[in-house]
file structure24.cif (mmCIF, C-alpha atoms)
data_work
#
loop_
_atom_site.group_PDB
_atom_site.id
_atom_site.type_symbol
_atom_site.label_atom_id
_atom_site.label_comp_id
_atom_site.auth_asym_id
_atom_site.auth_seq_id
_atom_site.Cartn_x
_atom_site.Cartn_y
_atom_site.Cartn_z
ATOM 1 C CA MET A 1 -2.754 44.631 -31.608
ATOM 2 C CA ILE A 2 -4.567 42.252 -33.932
ATOM 3 C CA PHE A 3 -1.980 39.453 -33.963
ATOM 4 C CA ASP A 4 0.883 38.427 -31.674
ATOM 5 C CA GLU A 5 4.514 39.093 -32.576
ATOM 6 C CA ASP A 6 5.222 35.531 -33.667
ATOM 7 C CA PHE A 7 2.529 35.662 -36.329
ATOM 8 C CA ILE A 8 3.778 39.047 -37.558
ATOM 9 C CA LYS A 9 7.280 37.585 -38.004
ATOM 10 C CA GLU A 10 5.811 34.617 -39.883
ATOM 11 C CA LEU A 11 3.814 36.960 -42.097
ATOM 12 C CA ASP A 12 6.916 39.025 -42.870
ATOM 13 C CA GLU A 13 8.592 35.892 -44.168
ATOM 14 C CA LEU A 14 5.592 35.000 -46.318
ATOM 15 C CA ILE A 15 5.667 38.490 -47.813
ATOM 16 C CA LYS A 16 9.372 38.188 -48.637
ATOM 17 C CA ARG A 17 8.658 34.905 -50.433
ATOM 18 C CA LYS A 18 5.546 36.380 -52.096
ATOM 19 C CA ASP A 19 3.656 33.312 -50.876
ATOM 20 C CA LEU A 20 0.117 34.316 -51.851
ATOM 21 C CA LYS A 21 -1.405 30.919 -51.148
ATOM 22 C CA SER A 22 -0.167 30.779 -47.555
ATOM 23 C CA ILE A 23 -1.254 34.362 -46.870
ATOM 24 C CA GLU A 24 -4.716 33.666 -48.278
ATOM 25 C CA SER A 25 -5.055 30.626 -46.004
ATOM 26 C CA PHE A 26 -5.203 32.954 -42.983
ATOM 27 C CA ILE A 27 -7.954 35.152 -44.401
ATOM 28 C CA GLN A 28 -11.366 34.703 -42.809
ATOM 29 C CA LYS A 29 -14.838 36.149 -43.139
ATOM 30 C CA PRO A 30 -14.798 39.729 -41.750
ATOM 31 C CA ASN A 31 -16.795 40.646 -38.662
ATOM 32 C CA ARG A 32 -16.274 44.328 -37.864
ATOM 33 C CA LYS A 33 -18.717 47.054 -36.985
ATOM 34 C CA ARG A 34 -18.579 50.134 -39.187
ATOM 35 C CA CYS A 35 -16.837 53.146 -37.652
ATOM 36 C CA ASN A 36 -19.393 55.689 -36.421
ATOM 37 C CA LYS A 37 -17.150 58.755 -36.194
ATOM 38 C CA SER A 38 -18.644 61.960 -37.539
ATOM 39 C CA PHE A 39 -15.763 64.411 -37.069
ATOM 40 C CA PHE A 40 -12.303 63.849 -38.528
ATOM 41 C CA ARG A 41 -9.037 65.673 -37.811
ATOM 42 C CA SER A 42 -6.249 63.345 -38.955
ATOM 43 C CA ALA A 43 -5.891 60.898 -41.847
ATOM 44 C CA LEU A 44 -2.853 58.681 -41.262
ATOM 45 C CA MET A 45 -1.196 56.773 -44.109
ATOM 46 C CA VAL A 46 -0.581 53.105 -43.205
ATOM 47 C CA PRO A 47 1.648 51.072 -45.586
ATOM 48 C CA GLY A 48 -0.234 48.092 -46.996
ATOM 49 C CA ASP A 49 2.831 45.874 -47.153
ATOM 50 C CA LYS A 50 4.059 46.371 -43.567
ATOM 51 C CA PRO A 51 2.408 43.998 -41.046
ATOM 52 C CA LYS A 52 3.871 45.762 -37.998
ATOM 53 C CA TYR A 53 1.922 48.914 -38.924
ATOM 54 C CA LEU A 54 -1.241 47.148 -40.067
ATOM 55 C CA ASN A 55 -1.237 45.298 -36.754
ATOM 56 C CA LYS A 56 -2.033 48.613 -35.013
ATOM 57 C CA LEU A 57 -5.240 49.309 -36.930
ATOM 58 C CA ASP A 58 -7.279 48.572 -33.812
ATOM 59 C CA SER A 59 -5.460 51.145 -31.673
ATOM 60 C CA LEU A 60 -4.444 54.116 -33.842
ATOM 61 C CA ILE A 61 -4.984 57.657 -32.557
ATOM 62 C CA ALA A 62 -5.777 58.912 -36.069
ATOM 63 C CA ASP A 63 -9.429 59.503 -36.950
ATOM 64 C CA ILE A 64 -8.880 57.975 -40.398
ATOM 65 C CA ALA A 65 -6.499 55.134 -41.248
ATOM 66 C CA VAL A 66 -5.651 55.204 -44.961
ATOM 67 C CA ILE A 67 -4.162 51.816 -45.857
ATOM 68 C CA ASN A 68 -1.939 52.482 -48.833
ATOM 69 C CA LEU A 69 -1.698 50.069 -51.760
ATOM 70 C CA GLU A 70 -0.618 52.723 -54.242
ATOM 71 C CA ASP A 71 2.669 54.620 -54.451
ATOM 72 C CA GLY A 72 4.080 53.336 -51.167
ATOM 73 C CA VAL A 73 4.083 49.718 -52.399
ATOM 74 C CA SER A 74 6.437 48.422 -55.101
ATOM 75 C CA LYS A 75 4.874 47.001 -58.265
ATOM 76 C CA GLU A 76 6.036 43.435 -57.564
ATOM 77 C CA LEU A 77 4.584 43.511 -54.031
ATOM 78 C CA LYS A 78 1.169 44.959 -54.890
ATOM 79 C CA PRO A 79 -0.611 41.552 -55.263
ATOM 80 C CA VAL A 80 0.960 40.420 -51.976
ATOM 81 C CA ALA A 81 0.039 43.651 -50.169
ATOM 82 C CA LEU A 82 -3.561 43.360 -51.359
ATOM 83 C CA ARG A 83 -3.913 39.962 -49.670
ATOM 84 C CA VAL A 84 -2.081 41.114 -46.556
ATOM 85 C CA VAL A 85 -4.503 44.031 -46.224
ATOM 86 C CA ALA A 86 -7.440 41.646 -46.710
ATOM 87 C CA LEU A 87 -5.992 39.419 -43.994
ATOM 88 C CA PHE A 88 -5.867 42.241 -41.464
ATOM 89 C CA LEU A 89 -9.308 43.552 -42.433
ATOM 90 C CA SER A 90 -10.759 40.064 -42.011
ATOM 91 C CA HIS A 91 -9.406 39.772 -38.456
ATOM 92 C CA LEU A 92 -10.019 43.362 -37.356
ATOM 93 C CA LYS A 93 -12.850 43.315 -34.777
ATOM 94 C CA ARG A 94 -12.988 46.995 -33.900
ATOM 95 C CA SER A 95 -11.296 50.265 -34.712
ATOM 96 C CA ASN A 96 -11.595 53.826 -33.465
ATOM 97 C CA SER A 97 -10.367 54.951 -36.876
ATOM 98 C CA LEU A 98 -12.333 55.071 -40.102
ATOM 99 C CA ILE A 99 -10.756 52.311 -42.217
ATOM 100 C CA VAL A 100 -10.007 53.466 -45.772
ATOM 101 C CA VAL A 101 -8.052 51.530 -48.404
ATOM 102 C CA ARG A 102 -6.211 53.568 -51.020
ATOM 103 C CA VAL A 103 -6.134 51.459 -54.172
ATOM 104 C CA ASN A 104 -4.185 52.006 -57.375
ATOM 105 C CA PRO A 105 -5.647 53.978 -60.311
ATOM 106 C CA LEU A 106 -8.622 52.279 -61.952
ATOM 107 C CA ASP A 107 -6.671 51.637 -65.152
ATOM 108 C CA CYS A 108 -3.730 50.186 -63.233
ATOM 109 C CA SER A 109 -5.017 47.274 -61.085
ATOM 110 C CA GLY A 110 -7.440 49.495 -59.159
ATOM 111 C CA LYS A 111 -10.553 47.822 -60.583
ATOM 112 C CA GLU A 112 -9.363 44.354 -59.609
ATOM 113 C CA GLU A 113 -8.328 45.558 -56.149
ATOM 114 C CA ILE A 114 -11.750 47.082 -55.505
ATOM 115 C CA GLU A 115 -13.539 43.901 -56.574
ATOM 116 C CA PHE A 116 -11.320 41.889 -54.233
ATOM 117 C CA LEU A 117 -11.676 44.314 -51.295
ATOM 118 C CA ASN A 118 -15.473 44.576 -51.445
ATOM 119 C CA GLN A 119 -15.857 41.335 -49.482
ATOM 120 C CA PHE A 120 -13.721 42.695 -46.613
ATOM 121 C CA LYS A 121 -15.820 45.819 -46.079
ATOM 122 C CA PRO A 122 -13.499 48.746 -45.412
ATOM 123 C CA ASP A 123 -15.445 51.852 -44.418
ATOM 124 C CA ALA A 124 -14.327 53.517 -47.649
ATOM 125 C CA ILE A 125 -12.113 53.032 -50.682
ATOM 126 C CA ARG A 126 -9.923 55.899 -51.849
ATOM 127 C CA VAL A 127 -9.350 56.146 -55.589
ATOM 128 C CA PRO A 128 -6.386 58.134 -56.995
ATOM 129 C CA LYS A 129 -5.782 59.886 -60.312
ATOM 130 C CA ILE A 130 -9.444 60.519 -61.076
ATOM 131 C CA LYS A 131 -10.140 63.290 -63.575
ATOM 132 C CA ASP A 132 -13.884 63.774 -63.957
ATOM 133 C CA ALA A 133 -17.379 62.651 -62.973
ATOM 134 C CA LYS A 134 -17.165 59.731 -65.381
ATOM 135 C CA ASP A 135 -14.245 58.307 -63.397
ATOM 136 C CA VAL A 136 -16.178 58.747 -60.149
ATOM 137 C CA LYS A 137 -19.232 56.969 -61.527
ATOM 138 C CA GLU A 138 -17.044 54.110 -62.725
ATOM 139 C CA ALA A 139 -15.560 53.743 -59.252
ATOM 140 C CA LEU A 140 -19.001 53.795 -57.617
ATOM 141 C CA GLU A 141 -20.200 51.031 -59.919
ATOM 142 C CA LEU A 142 -17.287 48.865 -58.800
ATOM 143 C CA ILE A 143 -17.617 49.544 -55.064
ATOM 144 C CA ASP A 144 -20.287 47.790 -52.999
ATOM 145 C CA GLU A 145 -23.135 50.087 -51.978
ATOM 146 C CA ASP A 146 -22.346 49.834 -48.266
ATOM 147 C CA ILE A 147 -18.805 51.162 -48.795
ATOM 148 C CA ASP A 148 -18.117 54.891 -49.229
ATOM 149 C CA LEU A 149 -15.876 56.484 -51.836
ATOM 150 C CA HIS A 150 -13.006 58.876 -51.085
ATOM 151 C CA LEU A 151 -11.123 60.651 -53.875
ATOM 152 C CA SER A 152 -7.568 61.882 -54.325
ATOM 153 C CA ILE A 153 -7.564 65.325 -55.950
ATOM 154 C CA GLU A 154 -4.137 65.345 -57.589
ATOM 155 C CA THR A 155 -4.667 65.921 -61.308
ATOM 156 C CA LYS A 156 -5.340 69.281 -62.957
ATOM 157 C CA GLU A 157 -8.521 67.827 -64.463
ATOM 158 C CA ALA A 158 -9.865 66.763 -61.052
ATOM 159 C CA PHE A 159 -9.105 70.219 -59.638
ATOM 160 C CA LEU A 160 -10.905 71.947 -62.513
ATOM 161 C CA ASN A 161 -13.854 69.528 -62.263
ATOM 162 C CA LEU A 162 -14.128 69.578 -58.479
ATOM 163 C CA LYS A 163 -17.676 70.965 -58.557
ATOM 164 C CA GLU A 164 -18.899 67.999 -60.600
ATOM 165 C CA LEU A 165 -17.328 65.114 -58.662
ATOM 166 C CA LYS A 166 -19.998 64.724 -55.948
ATOM 167 C CA VAL A 167 -22.207 62.506 -58.090
ATOM 168 C CA ASP A 168 -23.515 60.352 -55.231
ATOM 169 C CA SER A 169 -24.026 60.560 -51.468
ATOM 170 C CA ARG A 170 -21.351 57.885 -51.002
ATOM 171 C CA VAL A 171 -18.671 60.370 -52.086
ATOM 172 C CA LYS A 172 -17.590 61.474 -48.614
ATOM 173 C CA ALA A 173 -14.053 62.912 -48.687
ATOM 174 C CA TYR A 174 -11.499 64.601 -50.948
ATOM 175 C CA TYR A 175 -7.755 64.428 -50.244
ATOM 176 C CA LEU A 176 -5.611 67.184 -51.706
ATOM 177 C CA GLY A 177 -2.516 65.673 -53.359
ATOM 178 C CA VAL A 178 -0.773 68.994 -53.689
ATOM 179 C CA LEU A 179 2.658 67.772 -54.875
ATOM 180 C CA ASP A 180 1.165 65.686 -57.687
ATOM 181 C CA LEU A 181 -1.160 68.559 -58.563
ATOM 182 C CA LEU A 182 1.688 71.072 -58.755
ATOM 183 C CA ASN A 183 3.641 68.663 -60.929
ATOM 184 C CA ASP A 184 0.661 68.190 -63.235
ATOM 185 C CA LEU A 185 0.279 71.974 -63.478
ATOM 186 C CA ASP A 186 3.998 72.379 -64.231
ATOM 187 C CA ILE A 187 4.443 74.556 -61.142
ATOM 188 C CA PRO A 188 7.586 74.044 -59.021
ATOM 189 C CA GLN A 189 6.980 72.315 -55.725
ATOM 190 C CA ASN A 190 9.231 74.747 -53.862
ATOM 191 C CA ILE A 191 6.353 77.258 -53.749
ATOM 192 C CA LEU A 192 4.701 75.051 -51.115
ATOM 193 C CA LYS A 193 5.040 77.553 -48.298
ATOM 194 C CA VAL A 194 2.651 79.102 -45.810
ATOM 195 C CA SER A 195 1.052 82.272 -47.283
ATOM 196 C CA ASN A 196 2.222 81.644 -50.850
ATOM 197 C CA PRO A 197 -0.578 83.178 -52.985
ATOM 198 C CA THR A 198 -0.761 80.260 -55.430
ATOM 199 C CA ILE A 199 -0.948 77.736 -52.588
ATOM 200 C CA ASN A 200 -3.550 79.918 -50.883
ATOM 201 C CA TYR A 201 -5.651 79.824 -54.041
ATOM 202 C CA ILE A 202 -5.363 76.038 -54.326
ATOM 203 C CA LEU A 203 -6.196 75.498 -50.649
ATOM 204 C CA SER A 204 -9.096 77.950 -50.513
ATOM 205 C CA SER A 205 -10.648 76.717 -53.777
ATOM 206 C CA PHE A 206 -10.315 73.106 -52.652
ATOM 207 C CA LEU A 207 -11.832 73.954 -49.254
ATOM 208 C CA ILE A 208 -14.809 76.008 -50.425
ATOM 209 C CA ILE A 209 -15.846 73.749 -53.311
ATOM 210 C CA SER A 210 -15.541 70.632 -51.142
ATOM 211 C CA LYS A 211 -17.580 72.196 -48.346
ATOM 212 C CA ALA A 212 -20.200 73.473 -50.779
ATOM 213 C CA SER A 213 -20.475 69.923 -52.135
ATOM 214 C CA ASN A 214 -20.927 68.487 -48.607
ATOM 215 C CA VAL A 215 -17.652 66.597 -48.911
ATOM 216 C CA LEU A 216 -14.928 66.509 -46.232
ATOM 217 C CA PRO A 217 -11.792 68.331 -47.492
ATOM 218 C CA ILE A 218 -8.583 66.777 -46.140
ATOM 219 C CA SER A 219 -5.516 68.932 -46.630
ATOM 220 C CA PHE A 220 -2.265 67.662 -48.085
ATOM 221 C CA VAL A 221 0.320 65.372 -46.506
ATOM 222 C CA TYR A 222 3.403 67.268 -45.327
ATOM 223 C CA GLN A 223 6.280 65.042 -46.428
ATOM 224 C CA ASP A 224 9.058 66.270 -44.119
ATOM 225 C CA TYR A 225 7.845 64.128 -41.227
ATOM 226 C CA LYS A 226 10.785 65.114 -38.993
ATOM 227 C CA ASN A 227 9.981 68.826 -39.204
ATOM 228 C CA LEU A 228 7.120 68.790 -36.715
ATOM 229 C CA GLU A 229 7.312 72.522 -36.081
ATOM 230 C CA GLU A 230 6.595 73.310 -39.719
ATOM 231 C CA PHE A 231 3.845 70.691 -39.765
ATOM 232 C CA LYS A 232 2.304 72.394 -36.738
ATOM 233 C CA ASN A 233 2.471 75.746 -38.533
ATOM 234 C CA TRP A 234 0.635 74.282 -41.531
ATOM 235 C CA CYS A 235 -2.086 72.807 -39.275
ATOM 236 C CA LYS A 236 -2.642 76.141 -37.514
ATOM 237 C CA TYR A 237 -2.690 78.007 -40.823
ATOM 238 C CA GLU A 238 -5.148 75.583 -42.386
ATOM 239 C CA LYS A 239 -7.391 75.643 -39.324
ATOM 240 C CA ASP A 240 -7.539 79.429 -39.606
ATOM 241 C CA MET A 241 -8.582 78.977 -43.247
ATOM 242 C CA GLY A 242 -11.450 76.690 -42.223
ATOM 243 C CA PHE A 243 -9.990 73.190 -42.603
ATOM 244 C CA SER A 244 -10.714 70.574 -39.960
ATOM 245 C CA ALA A 245 -8.570 67.641 -41.171
ATOM 246 C CA LYS A 246 -5.078 66.972 -42.516
ATOM 247 C CA GLY A 247 -3.251 64.055 -44.072
ATOM 248 C CA CYS A 248 -0.448 62.569 -41.951
ATOM 249 C CA ILE A 249 2.446 60.161 -42.494
ATOM 250 C CA SER A 250 3.458 59.587 -38.878
ATOM 251 C CA VAL A 251 1.789 59.062 -35.535
ATOM 252 C CA LYS A 252 3.474 62.229 -34.242
ATOM 253 C CA GLN A 253 1.899 64.214 -37.064
ATOM 254 C CA ALA A 254 -1.509 62.666 -36.310
ATOM 255 C CA LYS A 255 -1.199 63.634 -32.655
ATOM 256 C CA ILE A 256 -0.452 67.250 -33.580
ATOM 257 C CA ALA A 257 -3.333 67.368 -36.077
ATOM 258 C CA ASN A 258 -5.720 65.955 -33.472
ATOM 259 C CA GLU A 259 -4.684 68.603 -30.952
ATOM 260 C CA ILE A 260 -4.862 71.575 -33.310
ATOM 261 C CA PHE A 261 -8.090 70.641 -35.085
ATOM 262 C CA SER A 262 -9.928 69.694 -31.891
ATOM 263 C CA ILE A 263 -12.609 71.963 -30.449
ATOM 264 C CA SER A 264 -11.311 73.662 -27.296
ATOM 265 C CA TYR A 265 -13.189 73.599 -24.003
ATOM 266 C CA GLU A 266 -13.594 77.400 -24.116
ATOM 267 C CA ILE A 267 -15.197 77.299 -27.572
ATOM 268 C CA LEU A 268 -17.532 74.499 -26.496
ATOM 269 C CA GLN A 269 -18.595 76.453 -23.403
ATOM 270 C CA LYS A 270 -19.274 79.545 -25.510
ATOM 271 C CA ALA A 271 -21.326 77.507 -27.977
ATOM 272 C CA LYS A 272 -23.357 75.942 -25.170
ATOM 273 C CA TYR A 273 -24.025 79.376 -23.652
ATOM 274 C CA ILE A 274 -25.176 80.775 -27.013
ATOM 275 C CA LYS A 275 -27.401 77.745 -27.629
ATOM 276 C CA ASP A 276 -29.052 78.014 -24.214
ATOM 277 C CA ILE A 277 -29.643 81.755 -24.232
ATOM 278 C CA PHE A 278 -30.867 81.817 -27.849
ATOM 279 C CA GLU A 279 -33.398 79.053 -27.177
ATOM 280 C CA LYS A 280 -34.525 80.879 -24.041
ATOM 281 C CA MET A 281 -35.066 84.130 -25.963
ATOM 282 C CA GLN A 282 -36.625 82.272 -28.890
ATOM 283 C CA LYS A 283 -39.401 81.057 -26.602
ATOM 284 C CA ARG A 284 -40.200 84.734 -25.964
ATOM 285 C CA GLY A 285 -40.400 85.371 -29.702
ATOM 286 C CA VAL A 286 -37.002 87.099 -29.890
ATOM 287 C CA THR A 287 -34.394 85.755 -32.337
ATOM 288 C CA GLY A 288 -32.026 88.720 -32.450
ATOM 289 C CA PHE A 289 -30.718 90.416 -29.310
ATOM 290 C CA VAL A 290 -27.687 91.941 -27.625
ATOM 291 C CA ASP A 291 -26.110 89.730 -24.989
ATOM 292 C CA GLU A 292 -23.947 91.317 -22.280
ATOM 293 C CA LYS A 293 -21.344 88.529 -22.615
ATOM 294 C CA TYR A 294 -21.022 87.894 -26.368
ATOM 295 C CA GLY A 295 -22.673 90.858 -28.030
ATOM 296 C CA PHE A 296 -25.304 90.497 -30.761
ATOM 297 C CA ILE A 297 -26.709 86.988 -31.140
ATOM 298 C CA ASP A 298 -29.076 85.922 -33.901
ATOM 299 C CA GLU A 299 -30.010 82.731 -35.774
ATOM 300 C CA PRO A 300 -26.799 82.369 -37.868
ATOM 301 C CA ILE A 301 -24.701 82.601 -34.696
ATOM 302 C CA TYR A 302 -26.997 80.079 -33.012
ATOM 303 C CA LYS A 303 -26.636 77.655 -35.950
ATOM 304 C CA ASP A 304 -22.842 77.938 -35.779
ATOM 305 C CA ALA A 305 -23.002 77.077 -32.069
ATOM 306 C CA LEU A 306 -25.052 73.973 -32.871
ATOM 307 C CA LYS A 307 -22.458 72.865 -35.421
ATOM 308 C CA ILE A 308 -19.679 73.271 -32.869
ATOM 309 C CA LEU A 309 -21.596 71.304 -30.253
ATOM 310 C CA GLY A 310 -22.192 68.550 -32.811
ATOM 311 C CA LYS A 311 -18.424 67.993 -32.927
ATOM 312 C CA LYS A 312 -17.889 67.744 -29.173
ATOM 313 C CA ASP A 313 -17.591 63.940 -29.287
ATOM 314 C CA VAL A 314 -13.933 64.242 -30.348
#

call {"tool": "encode", "arguments": {"input": "structure24.cif", "output": "structure tokens"}}
result
Amino acid sequence: MIFDEDFIKELDELIKRKDLKSIESFIQKPNRKRCNKSFFRSALMVPGDKPKYLNKLDSLIADIAVINLEDGVSKELKPVALRVVALFLSHLKRSNSLIVVRVNPLDCSGKEEIEFLNQFKPDAIRVPKIKDAKDVKEALELIDEDIDLHLSIETKEAFLNLKELKVDSRVKAYYLGVLDLLNDLDIPQNILKVSNPTINYILSSFLIISKASNVLPISFVYQDYKNLEEFKNWCKYEKDMGFSAKGCISVKQAKIANEIFSISYEILQKAKYIKDIFEKMQKRGVTGFVDEKYGFIDEPIYKDALKILGKKDV
């Protein structure tokens, strides 16, 4: 916890009164080390206007904490939420989660929010409703160079232009906003089911183009947070497709995503075995051979083992 319960109650009252001046008086200069995670399985939405949730930013199990200033916050509370988020960021000393702030669209207070947030150094800022590379470049110009950019892919234009959106190395992650995308495409949302061919096309295209662009693809948020069994089915299905991360709206969802997208002990042991035996044979000048345990092993299989071992820190 960042603050004690008494302060959280006081802050709740200040939010109700929309007392910007008093909230700003508690903001200090930030002093937090950047998150050094390299493998992400869960991206948990954290409401930007709810102190009791923001107060847990230092202890979340999710790999990514997405602090939401957009659609989860009412229009009249957005200026208040912005300062509340700044307050928590300024007092946050450490976090096991990558800290991302989801601002409003650039043409709807997003520019001003980014300029304000720059001084509080989130690990990344997530920008919604982008459409093309021009929008991405505009966002990058607004964001300080030591802060990364994450993008919501939720418009038909962004989906069509996905190949062109990685305009800078600071563009690190794409989040699939599948419900907004379906709405923009005039496709009914009730097709959102495992194995639906249209959904398969959207997911696979999003995955492959993101990966080819060296951007982390984060699959869509499953809204029925009480239906954990269905959420689990989606995680397993998406893992089989090649995804490694999913958006979440509850801690229970994040826990499931972490478990399903983690690398199992058996897979790690296999990867270590392949790495060791390949390097042993490589010293003899052999880079393709039949192993009695795992069959034919060559350089592509060795490289895959190295990638798996690079994710063992989770």

call {"tool": "residues_around", "arguments": {"input": "structure24.cif", "residues": "Glu24 (chain A)", "least_positions_apart": "6", "cutoff": "12 Å", "atoms": "all atoms listed in the file", "output": "PyMOL selection string"}}
result
chain A and resi 11+14-15+18+79-88+90

call {"tool": "resolve_selection", "arguments": {"input": "structure24.cif", "expression": "the PyMOL selection byres ((chain A and resi 236-250) around 8)", "output": "VMD selection string"}}
result
chain A and resid 40 to 46 175 194 204 207 217 to 223 225 232 to 235 251 to 254 257 260 to 261

call {"tool": "closest_residue", "arguments": {"input": "structure24.cif", "among": "A:Leu162, A:Leu69, A:Val290, A:Leu89", "to": "Ser109 (chain A)", "atoms": "all atoms listed in the file"}}
result
A:Leu69

call {"tool": "residues_near_point", "arguments": {"input": "structure24.cif", "point": "(-27.0, 79.0, -34.1)", "cutoff": "12 Å", "atoms": "only C-alpha atoms", "output": "list of chain:residue names"}}
result
A:Lys270, A:Ala271, A:Lys272, A:Tyr273, A:Ile274, A:Lys275, A:Asp276, A:Ile277, A:Phe278, A:Glu279, A:Gln282, A:Thr287, A:Gly288, A:Ile297, A:Asp298, A:Glu299, A:Pro300, A:Ile301, A:Tyr302, A:Lys303, A:Asp304, A:Ala305, A:Leu306, A:Lys307, A:Ile308, A:Leu309, A:Gly310

call {"tool": "closest_residue", "arguments": {"input": "structure24.cif", "among": "A:Asp71, A:Glu154, A:Glu164, A:Glu230", "to": "Leu181 (chain A)", "atoms": "all atoms listed in the file"}}
result
A:Glu154

call {"tool": "atom_distance", "arguments": {"input": "structure24.cif", "atom1": "CA of Lys156 (chain A)", "atom2": "CA of Gly177 (chain A)"}}
result
10.6 Å

call {"tool": "closest_residue", "arguments": {"input": "structure24.cif", "among": "A:Cys35, A:Val127, A:Asp19, A:Phe296", "to": "Asn68 (chain A)", "atoms": "all atoms listed in the file"}}
result
A:Val127

call {"tool": "residues_around", "arguments": {"input": "structure24.cif", "residues": "Glu70 (chain A)", "least_positions_apart": "3", "cutoff": "7 Å", "atoms": "only C-alpha atoms", "output": "NGL selection string"}}
result
:A and (73 or 102-104)

call {"tool": "closest_residue", "arguments": {"input": "structure24.cif", "among": "A:Asp63, A:Lys29, A:Ser74, A:Ser95", "to": "Asp49 (chain A)", "atoms": "all atoms listed in the file"}}
result
A:Ser74

call {"tool": "closest_residue", "arguments": {"input": "structure24.cif", "among": "A:Lys311, A:Lys280, A:Glu157, A:Asp146", "to": "Ile263 (chain A)", "atoms": "all atoms listed in the file"}}
result
A:Lys311

call {"tool": "resolve_selection", "arguments": {"input": "structure24.cif", "expression": "the PyMOL selection byres ((chain A and resi 141) around 12)", "output": "ChimeraX atom specification"}}
result
/A:106,111,114-115,118,134-140,142-149,167-168,170

call {"tool": "atom_distance", "arguments": {"input": "structure24.cif", "atom1": "CA of Lys255 (chain A)", "atom2": "CA of Thr155 (chain A)"}}
result
29.0 Å

call {"tool": "closest_residue", "arguments": {"input": "structure24.cif", "among": "A:Val215, A:Leu77, A:Ile208, A:Ile64", "to": "Arg17 (chain A)", "atoms": "all atoms listed in the file"}}
result
A:Leu77

call {"tool": "atom_distance", "arguments": {"input": "structure24.cif", "atom1": "CA of Ala65 (chain A)", "atom2": "CA of Tyr174 (chain A)"}}
result
14.4 Å

call {"tool": "resolve_selection", "arguments": {"input": "structure24.cif", "expression": "the PyMOL selection byres ((chain A and resi 31) around 12)", "output": "count of residues only"}}
result
19

call {"tool": "residues_around", "arguments": {"input": "structure24.cif", "residues": "Gln189 (chain A)", "least_positions_apart": "3", "cutoff": "12 Å", "atoms": "only C-alpha atoms", "output": "list in words"}}
result
Gly177, Val178, Leu179, Asp180, Leu181, Leu182, Asn183, Asp184, Leu185, Asp186, Leu192, Lys193, Asn196, Thr198, Ile199 and Gln223 of chain A

call {"tool": "build_atoms", "arguments": {"input": "structure24.cif", "residues": "region 207-218 of chain A", "atoms": "N, CA and C atoms", "output": "short mmCIF file (atom, residue, chain, number, x, y, z; two decimals), keeping the file's coordinate frame"}}
result
data_model
loop_
_atom_site.label_atom_id
_atom_site.label_comp_id
_atom_site.auth_asym_id
_atom_site.auth_seq_id
_atom_site.Cartn_x
_atom_site.Cartn_y
_atom_site.Cartn_z
N LEU A 207 -11.02 73.92 -50.47
CA LEU A 207 -11.83 73.95 -49.25
C LEU A 207 -13.27 74.36 -49.54
N ILE A 208 -13.47 75.46 -50.22
CA ILE A 208 -14.81 76.01 -50.42
C ILE A 208 -15.65 75.10 -51.32
N ILE A 209 -15.07 74.61 -52.40
CA ILE A 209 -15.85 73.75 -53.31
C ILE A 209 -16.20 72.43 -52.63
N SER A 210 -15.26 71.87 -51.87
CA SER A 210 -15.54 70.63 -51.14
C SER A 210 -16.67 70.84 -50.14
N LYS A 211 -16.56 71.90 -49.36
CA LYS A 211 -17.58 72.20 -48.35
C LYS A 211 -18.94 72.44 -48.99
N ALA A 212 -18.94 73.18 -50.09
CA ALA A 212 -20.20 73.47 -50.78
C ALA A 212 -20.83 72.22 -51.36
N SER A 213 -19.99 71.20 -51.61
CA SER A 213 -20.48 69.92 -52.14
C SER A 213 -20.81 68.93 -51.03
N ASN A 214 -20.70 69.37 -49.76
CA ASN A 214 -20.93 68.49 -48.61
C ASN A 214 -19.97 67.30 -48.60
N VAL A 215 -18.71 67.60 -48.92
CA VAL A 215 -17.65 66.60 -48.91
C VAL A 215 -16.56 67.08 -47.96
N LEU A 216 -16.00 66.16 -47.16
CA LEU A 216 -14.93 66.51 -46.23
C LEU A 216 -13.64 66.81 -46.99
N PRO A 217 -13.08 68.04 -46.86
CA PRO A 217 -11.79 68.33 -47.49
C PRO A 217 -10.64 68.00 -46.53
N ILE A 218 -9.73 67.14 -46.96
CA ILE A 218 -8.58 66.78 -46.14
C ILE A 218 -7.34 67.37 -46.78
#
